[in-house]
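Below: the structure, in structure tokens.
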Amino acid sequence: MALKRYNQLFEADIKDNTGIPSDYIQGVEQKGREQFGYNGPNPQEMREMMGAMQNIMRIQDGKEGELTEIGKEIILNHYGSILDDVKLDIKIVKPDDPEKREMTQKMMDDDQDENQEDDQPEIPETEIEVPDVFPVDVTEVDKRKILNNLMQGEAQNVHSMMHTEKDKIDEVDDRLIDLYKTLLTINRKFDWMDAADLEQMMQQNPDMANAEEVEWEEDEEGNQSPVIKVRALDLPMLIHETVKGIYELIMANAIPENAEMARKVMAETDTLKDEKEDIKFGPFIAADIRNFFTNYIERKTKINILENPNIREFIYGYLVELPTDKFLELIYAVLSDDEDLADDLIEKSKIVKNAIDDITEPEEKLEIPLDTSGSMDEPNLVGGLQASDEPLTPPKEEEPKEINYKNMGQAELNYQLNKALDKEDYETVKKIQPFLKNKE
């Protein structure tokens, strides 16, 4: 007779998430399949990917430290305002790096532990359900699953972030950006390859894995501070894994306080199998949530986002603290394009107002009320990151056809660069890059 606990009766699946409309997921699935297919890279793409990887490793050999410093600079330029108390222990390393191997093994061991109960043999003749002392809360699982998708989606902004320091990467070797781009593009097809097994791939070739974890250091006075530790094979993965670590810290307050409940929720959502699904859907979910909050700030506040890097991360810090039912209701409204309901939930919860209060000086707070009629003329940019997949408003008819980049500030140039990259308009990228290089 097999005894099952209630928390073993389901696995987290984004398609069954109560915070995400089913037709939304169907739409993402359709877009993803149209773009990336079912079967992964074709033979020609596999050869391109292997060639790019070999060239990257050869070029990076002996220059890992130099590229690591570029990566740190990119991270600090984009997230510096929220990393005052965070230590970045991040490095580009060779495949056989001992620390990376140790971190990878720990990741695989943790994944095995989380799935151990599911691997137990079952006797189907008679099954009795035994209530758990701390049964897993399905809504907490749904919340965690959405947050993991948000984390993975934000970490996908690697391409646009690299281009902000293209001149420095070119100084190392001007072939790297194109090689990184080739690798990133083809790897996305693996994300949508149904037959791909992330756990199996990692077990078969652990040296090609990238590793990230968040640790806590204690100083002589007993004060603890977080350390984001990353060991990655190349610059894009260094950035990707570091951004994941940053979002892990932002989302830590959403973990249930009960330790046993927290363990069970994470066992349902934080496995390698879950990560594969999160990498697929996360970029779409994160972009739509990001776009909504960008639009909300432009419609409802007088905040100049260009002058307030990381306002999105401050908002997310309050978003994750919402009670689970309110969090799921808000995300459902956002992804359903129910603007009125989403606006109402945001205003009642004060998550945007609280974030604005955090980033403005006390004497300025009274000058930045919520304004239901105001809008911003400037485009959205958060810390230099790509802020939307498409422009939120159509260009004005009187806007000149040829944009003058010469007199733009760094933030405006970064926005125009990210917008061009999002459209794969590399002619415009080439026009912008010389002005980025000349900025101090």
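Residue numbering restarts at 1 in every chain; chains get A, B, ... in the order shown in the structure tokens, and ligands count up from 1 in that same order.
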Checklist entry - Near Ala195 (chain A), counting only C-alpha atoms, which residues have an atom at most 8 Å away, once you skip same-chain residues fewer than 2 positions from it, shown as a PyMOL selection string? => result chain A and resi 39+193+197
Kindly export the residues of the current selection with N, CA and C atoms, as a CSV table (one decimal), in the first residue's frame.
```csv
chain,number,residue,atom,x,y,z
A,39,ASN,N,12.0,21.4,-32.3
A,39,ASN,CA,13.1,20.4,-32.4
A,39,ASN,C,14.5,20.9,-32.1
A,193,MET,N,13.0,23.3,-27.2
A,193,MET,CA,13.2,21.9,-27.7
A,193,MET,C,12.6,21.0,-26.7
A,197,ASP,N,16.5,17.8,-22.1
A,197,ASP,CA,16.4,17.6,-20.7
A,197,ASP,C,17.6,18.3,-20.0
```
Item to check | Residues flagged strand (DSSP E) by DSSP in region 15-229 of chain A, as a PyMOL selection string | outcome: chain A and resi 87-92+127-130+211-218+224-229
Using N, CA and C atoms, can you write the selected residues to a file as a CSV table (one decimal), in the first residue's frame?
```
chain,number,residue,atom,x,y,z
A,87,LYS,N,27.8,42.1,-2.3
A,87,LYS,CA,29.1,41.8,-2.8
A,87,LYS,C,28.9,41.0,-4.1
A,88,LEU,N,29.7,41.3,-5.1
A,88,LEU,CA,29.6,40.6,-6.4
A,88,LEU,C,30.9,39.7,-6.5
A,89,ASP,N,30.8,38.5,-6.3
A,89,ASP,CA,31.9,37.5,-6.4
A,89,ASP,C,31.6,36.8,-7.7
A,90,ILE,N,31.9,37.4,-8.8
A,90,ILE,CA,31.5,36.9,-10.2
A,90,ILE,C,32.8,36.8,-11.0
A,91,LYS,N,32.9,35.7,-11.7
A,91,LYS,CA,34.1,35.4,-12.5
A,91,LYS,C,33.7,34.7,-13.8
A,92,ILE,N,34.4,35.0,-14.9
A,92,ILE,CA,34.4,34.1,-16.1
A,92,ILE,C,35.6,33.2,-15.9
A,127,GLU,N,-4.1,3.2,-2.7
A,127,GLU,CA,-3.4,4.4,-2.4
A,127,GLU,C,-4.3,5.2,-1.4
A,128,ILE,N,-3.7,5.6,-0.3
A,128,ILE,CA,-4.4,6.3,0.8
A,128,ILE,C,-3.7,7.7,0.9
A,129,GLU,N,-4.5,8.7,0.8
A,129,GLU,CA,-4.0,10.0,1.0
A,129,GLU,C,-3.9,10.4,2.4
A,130,VAL,N,-2.7,10.8,2.9
A,130,VAL,CA,-2.5,11.1,4.3
A,130,VAL,C,-2.3,12.6,4.3
A,211,ALA,N,27.2,28.4,-13.2
A,211,ALA,CA,26.7,28.2,-11.8
A,211,ALA,C,26.5,29.6,-11.1
A,212,GLU,N,25.4,29.7,-10.3
A,212,GLU,CA,25.2,30.9,-9.5
A,212,GLU,C,24.5,30.5,-8.2
A,213,GLU,N,24.9,31.2,-7.1
A,213,GLU,CA,24.3,31.0,-5.8
A,213,GLU,C,24.4,32.3,-5.0
A,214,VAL,N,23.5,32.5,-4.1
A,214,VAL,CA,23.6,33.6,-3.2
A,214,VAL,C,24.0,33.1,-1.8
A,215,GLU,N,25.1,33.7,-1.3
A,215,GLU,CA,25.6,33.3,0.1
A,215,GLU,C,25.4,34.6,1.0
A,216,TRP,N,25.7,34.3,2.3
A,216,TRP,CA,25.6,35.4,3.2
A,216,TRP,C,26.9,35.5,4.0
A,217,GLU,N,27.6,36.7,4.1
A,217,GLU,CA,28.8,36.8,4.8
A,217,GLU,C,28.5,37.6,6.1
A,218,GLU,N,29.3,37.3,7.1
A,218,GLU,CA,29.1,37.9,8.4
A,218,GLU,C,30.4,38.6,8.8
A,224,GLN,N,25.3,40.7,8.7
A,224,GLN,CA,25.3,39.8,7.5
A,224,GLN,C,25.0,40.6,6.2
A,225,SER,N,25.7,40.3,5.2
A,225,SER,CA,25.4,40.9,3.9
A,225,SER,C,25.5,39.8,2.8
A,226,PRO,N,24.7,40.0,1.7
A,226,PRO,CA,24.6,39.0,0.7
A,226,PRO,C,25.8,39.0,-0.3
A,227,VAL,N,26.1,37.9,-0.8
A,227,VAL,CA,27.1,37.7,-1.8
A,227,VAL,C,26.5,37.0,-3.0
A,228,ILE,N,26.6,37.6,-4.1
A,228,ILE,CA,26.1,36.9,-5.4
A,228,ILE,C,27.4,36.2,-6.0
A,229,LYS,N,27.4,34.9,-6.0
A,229,LYS,CA,28.6,34.2,-6.5
A,229,LYS,C,28.2,33.6,-7.8
```
Next on the checklist: For Ser349 (chain A), find every residue with an atom within 10 Å (counting only C-alpha atoms), except residues of its own chain fewer than 4 positions away, and show them as a PyMOL selection string.
Outcome noted: chain A and resi 318-319+322-323+326-327+330+343-345+353-354
Item to check | Contact residues around region 168-177 of chain A with only C-alpha atoms at 10 Å, ignoring same-chain residues under 3 positions, as a list of chain:residue names | outcome: A:Ala52, A:Asn55, A:Ile56, A:Ile59, A:Gln60, A:Lys63, A:Glu66, A:Leu67, A:Ile70, A:Gly71, A:His159, A:Met162, A:His163, A:Thr164, A:Glu165, A:Tyr180, A:Lys181, A:Thr182, A:Leu183, A:Leu235, A:Pro236, A:Lys437
Item to check | Within 12 Å of Leu341 (chain A) using only C-alpha atoms, minus same-chain residues under 6 positions, as an MDAnalysis selection string | outcome: chainID A and resid 326 329:335 347:348
What would the file look like if the residues just selected were written as a PDB file, in the first residue's frame with N, CA and C atoms?
```pdb
ATOM      1  N   LYS A 326      -3.639  38.734  -3.568  1.00  0.00           N
ATOM      2  CA  LYS A 326      -3.594  40.030  -4.246  1.00  0.00           C
ATOM      3  C   LYS A 326      -2.541  40.035  -5.348  1.00  0.00           C
ATOM      4  N   GLU A 329      -3.964  38.120  -8.269  1.00  0.00           N
ATOM      5  CA  GLU A 329      -5.029  38.904  -8.909  1.00  0.00           C
ATOM      6  C   GLU A 329      -4.444  40.010  -9.770  1.00  0.00           C
ATOM      7  N   LEU A 330      -3.405  40.681  -9.263  1.00  0.00           N
ATOM      8  CA  LEU A 330      -2.788  41.765 -10.006  1.00  0.00           C
ATOM      9  C   LEU A 330      -2.097  41.249 -11.274  1.00  0.00           C
ATOM     10  N   ILE A 331      -1.317  40.181 -11.151  1.00  0.00           N
ATOM     11  CA  ILE A 331      -0.626  39.649 -12.321  1.00  0.00           C
ATOM     12  C   ILE A 331      -1.635  39.171 -13.368  1.00  0.00           C
ATOM     13  N   TYR A 332      -2.709  38.545 -12.922  1.00  0.00           N
ATOM     14  CA  TYR A 332      -3.750  38.090 -13.849  1.00  0.00           C
ATOM     15  C   TYR A 332      -4.339  39.286 -14.598  1.00  0.00           C
ATOM     16  N   ALA A 333      -4.606  40.381 -13.883  1.00  0.00           N
ATOM     17  CA  ALA A 333      -5.162  41.577 -14.530  1.00  0.00           C
ATOM     18  C   ALA A 333      -4.175  42.163 -15.535  1.00  0.00           C
ATOM     19  N   VAL A 334      -2.890  42.212 -15.154  1.00  0.00           N
ATOM     20  CA  VAL A 334      -1.859  42.752 -16.053  1.00  0.00           C
ATOM     21  C   VAL A 334      -1.774  41.933 -17.333  1.00  0.00           C
ATOM     22  N   LEU A 335      -1.696  40.616 -17.199  1.00  0.00           N
ATOM     23  CA  LEU A 335      -1.525  39.758 -18.375  1.00  0.00           C
ATOM     24  C   LEU A 335      -2.818  39.593 -19.168  1.00  0.00           C
ATOM     25  N   GLU A 347      -2.997  50.974  -7.162  1.00  0.00           N
ATOM     26  CA  GLU A 347      -3.215  52.166  -6.338  1.00  0.00           C
ATOM     27  C   GLU A 347      -3.608  51.795  -4.915  1.00  0.00           C
ATOM     28  N   LYS A 348      -4.426  50.761  -4.762  1.00  0.00           N
ATOM     29  CA  LYS A 348      -4.811  50.340  -3.415  1.00  0.00           C
ATOM     30  C   LYS A 348      -3.647  49.742  -2.636  1.00  0.00           C
TER      31      LYS A 348
END
```
Item to check | Members of region 118-334 of chain A assigned helix (DSSP H, G or I) by DSSP, as a ChimeraX atom specification | outcome: /A:118-119,138-154,158-163,166-172,176-191,198-204,206-208,235-254,259-269,272-300,305-307,311-319,324-334
Checklist entry - Interatomic distance between CA of Pro206 (chain A) and CA of Glu102 (chain A)? => result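 Value for the CA of Pro206 (chain A)-CA of Glu102 (chain A) distance: 10.0 Å.
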Checklist entry - In terms of the shortest atom-to-atom distance over only C-alpha atoms, which of A:Ile346, A:Ala209, A:Val352, A:Met261 is closest to Met107 (chain A)? => result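 Ranked by minimum distance to Met107 (chain A), first place goes to A:Ala209.
Across the structure, CA of Arg33 (chain A) and CA of Gln152 (chain A) are spaced 18.5 Å apart.
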Checklist entry - What is the distance between CA of Asn210 (chain A) and CA of Glu260 (chain A), in Å to one decimal? => result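 Between CA of Asn210 (chain A) and CA of Glu260 (chain A) the gap is 28.7 Å.
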Checklist entry - Near Lys94 (chain A), counting only C-alpha atoms, which residues have an atom at most 12 Å away, once you skip same-chain residues fewer than 4 positions from it, shown as a PyMOL selection string? => result chain A and resi 56-65+98-101+207-210+231-234
Mind writing the picked residues with N, CA and C atoms as a short mmCIF file (atom, residue, chain, number, x, y, z; two decimals), in the first residue's frame?
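File part-v8.cif, as written:
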```cif
data_model
loop_
_atom_site.label_atom_id
_atom_site.label_comp_id
_atom_site.auth_asym_id
_atom_site.auth_seq_id
_atom_site.Cartn_x
_atom_site.Cartn_y
_atom_site.Cartn_z
N ILE A 56 34.96 31.41 -29.03
CA ILE A 56 34.84 32.21 -27.81
C ILE A 56 35.85 31.75 -26.77
N MET A 57 35.93 30.43 -26.55
CA MET A 57 36.86 29.90 -25.56
C MET A 57 38.30 30.24 -25.93
N ARG A 58 38.62 30.17 -27.21
CA ARG A 58 39.97 30.46 -27.65
C ARG A 58 40.30 31.95 -27.46
N ILE A 59 39.36 32.83 -27.82
CA ILE A 59 39.60 34.27 -27.68
C ILE A 59 39.68 34.67 -26.21
N GLN A 60 38.80 34.09 -25.39
CA GLN A 60 38.75 34.46 -23.97
C GLN A 60 39.95 33.94 -23.18
N ASP A 61 40.63 32.92 -23.69
CA ASP A 61 41.73 32.30 -22.95
C ASP A 61 42.78 33.33 -22.55
N GLY A 62 42.98 33.47 -21.26
CA GLY A 62 43.92 34.44 -20.74
C GLY A 62 43.35 35.83 -20.56
N LYS A 63 42.11 36.05 -21.03
CA LYS A 63 41.48 37.37 -20.93
C LYS A 63 40.22 37.32 -20.06
N GLU A 64 40.06 36.20 -19.34
CA GLU A 64 38.86 36.04 -18.50
C GLU A 64 38.72 37.17 -17.49
N GLY A 65 39.85 37.56 -16.88
CA GLY A 65 39.81 38.63 -15.87
C GLY A 65 39.38 39.96 -16.46
N PRO A 98 37.55 24.49 -10.65
CA PRO A 98 37.12 23.68 -9.49
C PRO A 98 35.91 24.26 -8.76
N GLU A 99 35.88 25.59 -8.59
CA GLU A 99 34.75 26.20 -7.90
C GLU A 99 33.46 26.02 -8.68
N LYS A 100 33.54 26.19 -9.99
CA LYS A 100 32.34 26.01 -10.82
C LYS A 100 31.85 24.58 -10.75
N ARG A 101 32.80 23.63 -10.79
CA ARG A 101 32.43 22.22 -10.67
C ARG A 101 31.73 21.95 -9.35
N ASP A 207 30.91 20.30 -17.09
CA ASP A 207 31.89 21.35 -17.32
C ASP A 207 31.33 22.50 -18.16
N MET A 208 30.26 22.25 -18.94
CA MET A 208 29.69 23.29 -19.78
C MET A 208 28.55 24.03 -19.09
N ALA A 209 28.32 23.74 -17.82
CA ALA A 209 27.26 24.43 -17.06
C ALA A 209 27.80 25.73 -16.48
N ASN A 210 26.90 26.68 -16.26
CA ASN A 210 27.21 27.92 -15.55
C ASN A 210 26.56 27.83 -14.18
N ARG A 231 30.02 31.67 -11.35
CA ARG A 231 31.15 31.16 -12.14
C ARG A 231 30.58 30.79 -13.51
N ALA A 232 30.97 31.55 -14.52
CA ALA A 232 30.35 31.41 -15.84
C ALA A 232 31.42 31.23 -16.91
N LEU A 233 31.00 30.68 -18.04
CA LEU A 233 31.94 30.37 -19.12
C LEU A 233 32.20 31.53 -20.06
N ASP A 234 31.29 32.52 -20.10
CA ASP A 234 31.50 33.64 -21.00
C ASP A 234 30.78 34.87 -20.46
#
```
For region 21-77 of chain A versus region 188-192 of chain A, which residues have an atom no more than 12 Å away, and what is each residue's nearest atom pair and distance in Å rounded to one decimal, using only C-alpha atoms, chain-then-number order, as a Markdown table?
```
| residue | atom | partner | partner_atom | distance |
| --- | --- | --- | --- | --- |
| A:Val28 | CA | A:Trp192 | CA | 11.6 |
| A:Glu29 | CA | A:Trp192 | CA | 9.4 |
| A:Gln30 | CA | A:Trp192 | CA | 11.3 |
| A:Lys31 | CA | A:Trp192 | CA | 11.1 |
| A:Gly32 | CA | A:Trp192 | CA | 7.4 |
| A:Arg33 | CA | A:Trp192 | CA | 7.3 |
| A:Glu34 | CA | A:Trp192 | CA | 10.4 |
| A:Gln35 | CA | A:Lys189 | CA | 8.5 |
| A:Phe36 | CA | A:Lys189 | CA | 5.0 |
| A:Gly37 | CA | A:Trp192 | CA | 6.7 |
| A:Tyr38 | CA | A:Trp192 | CA | 6.0 |
| A:Asn39 | CA | A:Trp192 | CA | 7.6 |
| A:Gly40 | CA | A:Lys189 | CA | 4.8 |
| A:Pro41 | CA | A:Lys189 | CA | 5.8 |
| A:Asn42 | CA | A:Lys189 | CA | 9.4 |
| A:Glu45 | CA | A:Lys189 | CA | 9.8 |
| A:Met46 | CA | A:Phe190 | CA | 10.4 |
| A:Met49 | CA | A:Lys189 | CA | 11.2 |
```
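Taking only C-alpha atoms into account, Gly51 (chain A) lies nearest to A:Ile186 out of the set A:Ile186, A:Ile239, A:Val265, A:Gly19.
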